[in-house]
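Colleague: Structure below; questions to follow.
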Amino acid sequence: YIFLRPQLWISVVPLELPLEFRHHNYADMELFLRKYSSEFSSITHLYSIGRSVQDRELYVMIISDNPNVHEHGEPEFKYVGNMHGNEVVGRELLLNLIEYLCRNYGTDPEVTQLVNSTRIHIMPSMNPDGYEVAMEGKRNIYGGRNNSNDYDLNRNFPDQFVTITEPRQPETIAVMGWLKSTPFVLSANLHGGSLVVNYPFDDDKEGLSHYSRSPDDETFKQVAKAYSQENPLMYKGHPCNDLDPEDYFEDGITNGANWYTVPGGMQDWNYVNTNCFEVTIELGCVKYPLAKELPKYWEQNWRALLQFMHQVHTGIKGTVSDQDKVGIPNATISVGVIDHNITTGHTGDYWRLLVPGTYAVTASADGYKPLTTYATVSKDQAEVVDFRLTRLNSENTGHASTVPQLTRSPSDRKLSSLIKELSLDQGLEQLVKSTATDNSFRYRRPKDLEAFLRGLTLNFPQITSLHK
């Protein structure tokens with residue numbers, strides 16, 4: 001309340017928060033996602049990147065003003081939760097976040113700006129099989145941590161320093177394919193068991209626990225701190241005094257390997273093999289808290305979840321094109337002495353996260369002369385740095401370039417065909433219909449049937465009632 005004058009008060013109502021907090025099993029989560037995909041169809045798109053060992057869908061919800069396609073110049077962002085099945089806070093926070101973004105779009109300026117300018121991908125559960133065997137109220141019990149083949153998914157990715165001998169799991173393969181097909185810029189992987197933001201690298205050649213610096217160490221610290229600063233308890237740096245009283249993380253962040261080594265982790269694979277910068281966020285000391293405690297976790301983290309998404313709009317961005325203003329795909333963007341390059345997307349657009357400063361930025365591509373320019377990066381928004389490249393041997397000759405044209409790959413031909421189809425009447429509508437995930441017909445085991453029916457009553461209480 002704000003006191004205006006004697007006997008006159010005005011109540012300040014917070015932005016609409018999620019209406020209900022509970023743990024969602026797989027059937028309940030699936031219904032929740034379909035409900036919001038249907039109710040907010042203009043800004044959502046629900047899809048699956050694959051299936052778990054036990055044949056559960058690995059669902060992802062996109063939230064954006066044009067959710068079905070990548071828009072030129074718009075960055076792709078992702079949150080991944082529940083990689084360890086018994087670490088459930090991230091799963092519930094991401095479902096809360098979906099509800100929050102959908103219900104506040106068009107009324108809250110910050111939410112509206114984020115949704116209009118970002119393609120947000122939210123995967124509530126990467127390990128739905130493990131979740132189904134985990135137990136509520138357990139602080140650090142390992143049941144459900146691994147997938148149903150009993151492999152730790154966060155030790156299952158190819159590693160730059162060591163050879164991972166365990167067989168690649170279906171969930172891991174699905175995520176790797178997803179990341180290779182989408183030009184993600186920034187990501188967070190939500191875990192539980194401590195309270196800190198962990199950034200690359202997670203291991204090193206020696207396999208020892210000490211600081212393992214990535215080429216973008218300063219940038220990782222910046223985005224990690226953007227999250228921790230919005231979570232006061234995390235920012236204090238003393239996460240779990242009763243479990244690990246000696247743990248201290250300055251500003252609530254830590255280099256991964258400086259804490260403990262994780263060979264085969266997902267965040268390092270993101271950074272080394274794609275354009276995506278990923279951190280791992282530990283959301284609390286209790287891995288599977290009681291449902292009544294979930295509102296507390298939302299209150300501690302909702303501002304941080306939004307602030308972290310804003311970080312995708314920092315650094316530099318732009319388009320690499322040829323002299324005819326046609327975007328050049330797979331061009332390389334290199335920055336000064338930072339030994340980490342990124343590449344352009346299908347239409348030549350790119351995003352490169354950086355801390356404030358002045359940088360020499362070079363764009364290069366096969367068959368073109370490299371071009372270098374200087375860019376000054378501020379803290380609050382991305383600096384636009386476009387490049388127009390000249391073909392080798394084509395300048396000042398008056399003749400067409402003698403550089404042979406690259407043969408288009410099948411995927412490029414498929415993309416061109418898709419663009420042509422979308423340009424026709426109702427092309428986009430037909431695409432949406434052909435890729436919709438509404439059809440969920442399948443046989444259900446008795447246990448799954450009961451969970452599905454309970455999920456119906458939880459998601460649609462006004463019109464359903466379950467009886468035995």
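By convention in this document, the chains of the structure tokens carry letters A, B, ... by their order, each chain's residues are numbered from 1, and ligands are numbered from 1 in the order they are shown.
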Write out as a list of chain:residue names the residues lying within 7 Å of range 202-210 of chain A, counting only C-alpha atoms and excluding same-chain residues fewer than 4 positions away.
Modeller: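 Counting only C-alpha atoms, the residues come to A:Phe161, A:Gly256, A:Ala257, A:Asn258, A:Trp259, A:Tyr260, A:Thr261, A:Val262, A:Pro263, A:Asp268.
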Colleague: Filtering to N, CA, C and O atoms, could you give me those residues as an mmCIF file, in the first residue's frame?
Modeller:
data_model
loop_
_atom_site.group_PDB
_atom_site.id
_atom_site.type_symbol
_atom_site.label_atom_id
_atom_site.label_comp_id
_atom_site.auth_asym_id
_atom_site.auth_seq_id
_atom_site.Cartn_x
_atom_site.Cartn_y
_atom_site.Cartn_z
ATOM 1 N N PHE A 161 37.717 -32.357 -23.776
ATOM 2 C CA PHE A 161 38.962 -32.748 -23.117
ATOM 3 C C PHE A 161 39.111 -34.252 -22.932
ATOM 4 O O PHE A 161 40.223 -34.775 -22.939
ATOM 5 N N GLY A 256 32.606 -23.487 -13.443
ATOM 6 C CA GLY A 256 32.216 -24.865 -13.200
ATOM 7 C C GLY A 256 33.315 -25.718 -12.623
ATOM 8 O O GLY A 256 33.153 -26.357 -11.574
ATOM 9 N N ALA A 257 34.452 -25.785 -13.314
ATOM 10 C CA ALA A 257 35.543 -26.655 -12.875
ATOM 11 C C ALA A 257 36.161 -26.176 -11.570
ATOM 12 O O ALA A 257 36.772 -26.965 -10.843
ATOM 13 N N ASN A 258 36.029 -24.898 -11.260
ATOM 14 C CA ASN A 258 36.556 -24.390 -9.994
ATOM 15 C C ASN A 258 35.729 -24.887 -8.817
ATOM 16 O O ASN A 258 36.194 -24.911 -7.683
ATOM 17 N N TRP A 259 34.496 -25.291 -9.090
ATOM 18 C CA TRP A 259 33.626 -25.871 -8.073
ATOM 19 C C TRP A 259 33.865 -27.381 -8.029
ATOM 20 O O TRP A 259 34.329 -27.911 -7.030
ATOM 21 N N TYR A 260 33.554 -28.079 -9.105
ATOM 22 C CA TYR A 260 33.911 -29.494 -9.275
ATOM 23 C C TYR A 260 33.821 -29.803 -10.765
ATOM 24 O O TYR A 260 33.118 -29.117 -11.515
ATOM 25 N N THR A 261 34.525 -30.829 -11.208
ATOM 26 C CA THR A 261 34.609 -31.111 -12.644
ATOM 27 C C THR A 261 33.405 -31.929 -13.117
ATOM 28 O O THR A 261 32.936 -32.825 -12.416
ATOM 29 N N VAL A 262 32.941 -31.592 -14.314
ATOM 30 C CA VAL A 262 31.806 -32.291 -14.932
ATOM 31 C C VAL A 262 32.172 -32.607 -16.386
ATOM 32 O O VAL A 262 31.886 -31.830 -17.291
ATOM 33 N N PRO A 263 32.838 -33.738 -16.639
ATOM 34 C CA PRO A 263 33.085 -34.127 -18.036
ATOM 35 C C PRO A 263 31.786 -34.570 -18.701
ATOM 36 O O PRO A 263 30.956 -35.224 -18.080
ATOM 37 N N ASP A 268 29.006 -26.955 -21.639
ATOM 38 C CA ASP A 268 30.234 -26.838 -22.420
ATOM 39 C C ASP A 268 30.014 -27.262 -23.865
ATOM 40 O O ASP A 268 30.573 -26.671 -24.795
#
Colleague: Write out as number ranges by chain the set of residues from range 276-409 of chain A that DSSP, computed on the backbone, places in alpha helix (DSSP H).
Modeller: A: 294-310
Colleague: Tell me which of A:Pro245, A:Gly315, A:Pro232, A:Gly264 sits closest to Thr172 in chain A, counting only C-alpha atoms.
Modeller: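 Going through A:Pro245, A:Gly315, A:Pro232, A:Gly264 one by one, the smallest distance to Thr172 in chain A is for A:Gly264.
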Colleague: Determine, counting only C-alpha atoms, which protein, DNA and RNA residues have an atom within 8 Å of an atom of Trp351 in chain A; residues of the same chain fewer than 5 positions away are not included. Present the result as a list in words.
Modeller: Pro75, Val185, Gly315, Ile316, Lys317 and Gly318 of chain A
Colleague: Write out, as a CSV table (one decimal), in the first residue's frame, the residues just selected, with N, CA, C and O atoms.
Modeller:
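Result file result_0.csv:
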chain,number,residue,atom,x,y,z
A,75,PRO,N,16.7,-12.9,-32.0
A,75,PRO,CA,17.5,-14.0,-31.4
A,75,PRO,C,16.7,-15.1,-30.8
A,75,PRO,O,15.5,-14.9,-30.4
A,185,VAL,N,21.2,-18.4,-29.1
A,185,VAL,CA,22.3,-17.4,-28.7
A,185,VAL,C,22.6,-17.5,-27.2
A,185,VAL,O,23.8,-17.5,-26.9
A,315,GLY,N,25.7,-7.2,-26.6
A,315,GLY,CA,26.8,-7.5,-27.5
A,315,GLY,C,26.6,-6.9,-28.8
A,315,GLY,O,26.3,-5.7,-28.9
A,316,ILE,N,26.8,-7.6,-29.9
A,316,ILE,CA,26.6,-7.1,-31.3
A,316,ILE,C,25.7,-8.1,-32.0
A,316,ILE,O,25.6,-9.2,-31.7
A,317,LYS,N,25.0,-7.5,-33.0
A,317,LYS,CA,24.2,-8.3,-33.9
A,317,LYS,C,24.2,-7.6,-35.3
A,317,LYS,O,24.6,-6.5,-35.4
A,318,GLY,N,23.8,-8.4,-36.3
A,318,GLY,CA,23.7,-7.8,-37.6
A,318,GLY,C,23.5,-8.8,-38.7
A,318,GLY,O,23.1,-10.0,-38.4
Colleague: I'd like the contact shell of Glu383 in chain A - 12 Å cut-off, only C-alpha atoms, skipping same-chain residues fewer than 5 positions apart - returned as a PyMOL selection string.
Modeller: chain A and resi 313-319+350-359+361+374-378
Colleague: Apply DSSP to the backbone of this structure and, from range 169-222 of chain A, keep only the residues in strand (DSSP E or B); write these as a list in words.
Modeller: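 Written out, the strand (DSSP E or B) residues of range 169-222 of chain A are Phe184, Val185, Leu186, Ser187, Ala188, Asn189, Leu190, His191, Ser194, Leu195, Val196, Val197, Asn198 and Tyr199 of chain A.
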Colleague: Could you dump the residues just selected with N, CA and C atoms as a short mmCIF file (atom, residue, chain, number, x, y, z; two decimals), in the first residue's frame?
Modeller:
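Written out: result-v7.cif:
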data_model
loop_
_atom_site.label_atom_id
_atom_site.label_comp_id
_atom_site.auth_asym_id
_atom_site.auth_seq_id
_atom_site.Cartn_x
_atom_site.Cartn_y
_atom_site.Cartn_z
N PHE A 184 20.49 -20.89 -31.57
CA PHE A 184 20.37 -20.33 -30.23
C PHE A 184 21.55 -19.42 -29.90
N VAL A 185 21.25 -18.39 -29.12
CA VAL A 185 22.26 -17.41 -28.72
C VAL A 185 22.62 -17.55 -27.24
N LEU A 186 21.61 -17.75 -26.41
CA LEU A 186 21.82 -17.81 -24.96
C LEU A 186 20.87 -18.84 -24.37
N SER A 187 21.32 -19.49 -23.28
CA SER A 187 20.55 -20.58 -22.69
C SER A 187 20.90 -20.73 -21.23
N ALA A 188 19.96 -21.31 -20.48
CA ALA A 188 20.24 -21.72 -19.10
C ALA A 188 19.65 -23.10 -18.88
N ASN A 189 20.39 -23.93 -18.15
CA ASN A 189 20.00 -25.29 -17.80
C ASN A 189 19.72 -25.27 -16.29
N LEU A 190 18.47 -25.55 -15.90
CA LEU A 190 18.05 -25.37 -14.51
C LEU A 190 18.18 -26.67 -13.72
N HIS A 191 18.94 -26.60 -12.63
CA HIS A 191 19.22 -27.76 -11.78
C HIS A 191 18.82 -27.45 -10.34
N SER A 194 22.00 -26.86 -5.02
CA SER A 194 22.76 -25.76 -4.46
C SER A 194 22.06 -24.47 -4.90
N LEU A 195 22.72 -23.33 -4.73
CA LEU A 195 22.12 -22.06 -5.10
C LEU A 195 23.21 -21.17 -5.69
N VAL A 196 23.41 -21.29 -7.03
CA VAL A 196 24.52 -20.61 -7.67
C VAL A 196 24.34 -20.71 -9.18
N VAL A 197 24.93 -19.76 -9.92
CA VAL A 197 24.99 -19.85 -11.38
C VAL A 197 26.39 -20.31 -11.76
N ASN A 198 26.45 -21.41 -12.49
CA ASN A 198 27.70 -22.05 -12.87
C ASN A 198 27.95 -21.82 -14.36
N TYR A 199 29.18 -21.41 -14.74
CA TYR A 199 29.46 -21.09 -16.14
C TYR A 199 30.71 -21.84 -16.60
#
Colleague: So how far away is CA of Gly455 in chain A from CA of Arg22 in chain A, in Å?
Modeller: 11.3 Å
Colleague: Counting only C-alpha atoms, what is within 7 Å of Gly348 in chain A, bar same-chain residues fewer than 6 positions away, as a list in words?
Modeller: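 Returned residues: Thr319, Val320, Ser321, Gly327, Ile328 and Pro329 of chain A.
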Colleague: Of the candidates A:Thr344, A:Asn127, A:Asn231, A:Gln222, which shows the shortest atom-to-atom distance to Leu306 in chain A, using only C-alpha atoms?
Modeller: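 Smallest separation from Leu306 in chain A among the options: A:Asn231.
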Colleague: When you look at Lys236 in chain A with a cut-off of 8 Å (counting only C-alpha atoms), what residues show up, excluding the ones that are within fewer than 6 positions of it in the same chain? I need them as an MDAnalysis selection string.
Modeller: chainID A and resid 249:252
Colleague: Find, counting only C-alpha atoms, the residue in A:Asp339, A:Asp159, A:Glu74, A:Asp380 that gets nearest to Asp217 in chain A.
Modeller: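 Selected residue with least distance to Asp217 in chain A: A:Asp339.
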Colleague: Could you pull the residues within 9 Å of range 87-91 of chain A, counting only C-alpha atoms, minus those fewer than 5 positions along the same chain, as JSON, numbers by chain?
Modeller: {"A": [23, 24, 80, 81, 82, 96, 123, 124, 125, 131, 134, 140, 144, 145, 189, 190, 191, 192, 193, 281, 282, 283, 284, 286, 287, 288, 289, 294, 297]}
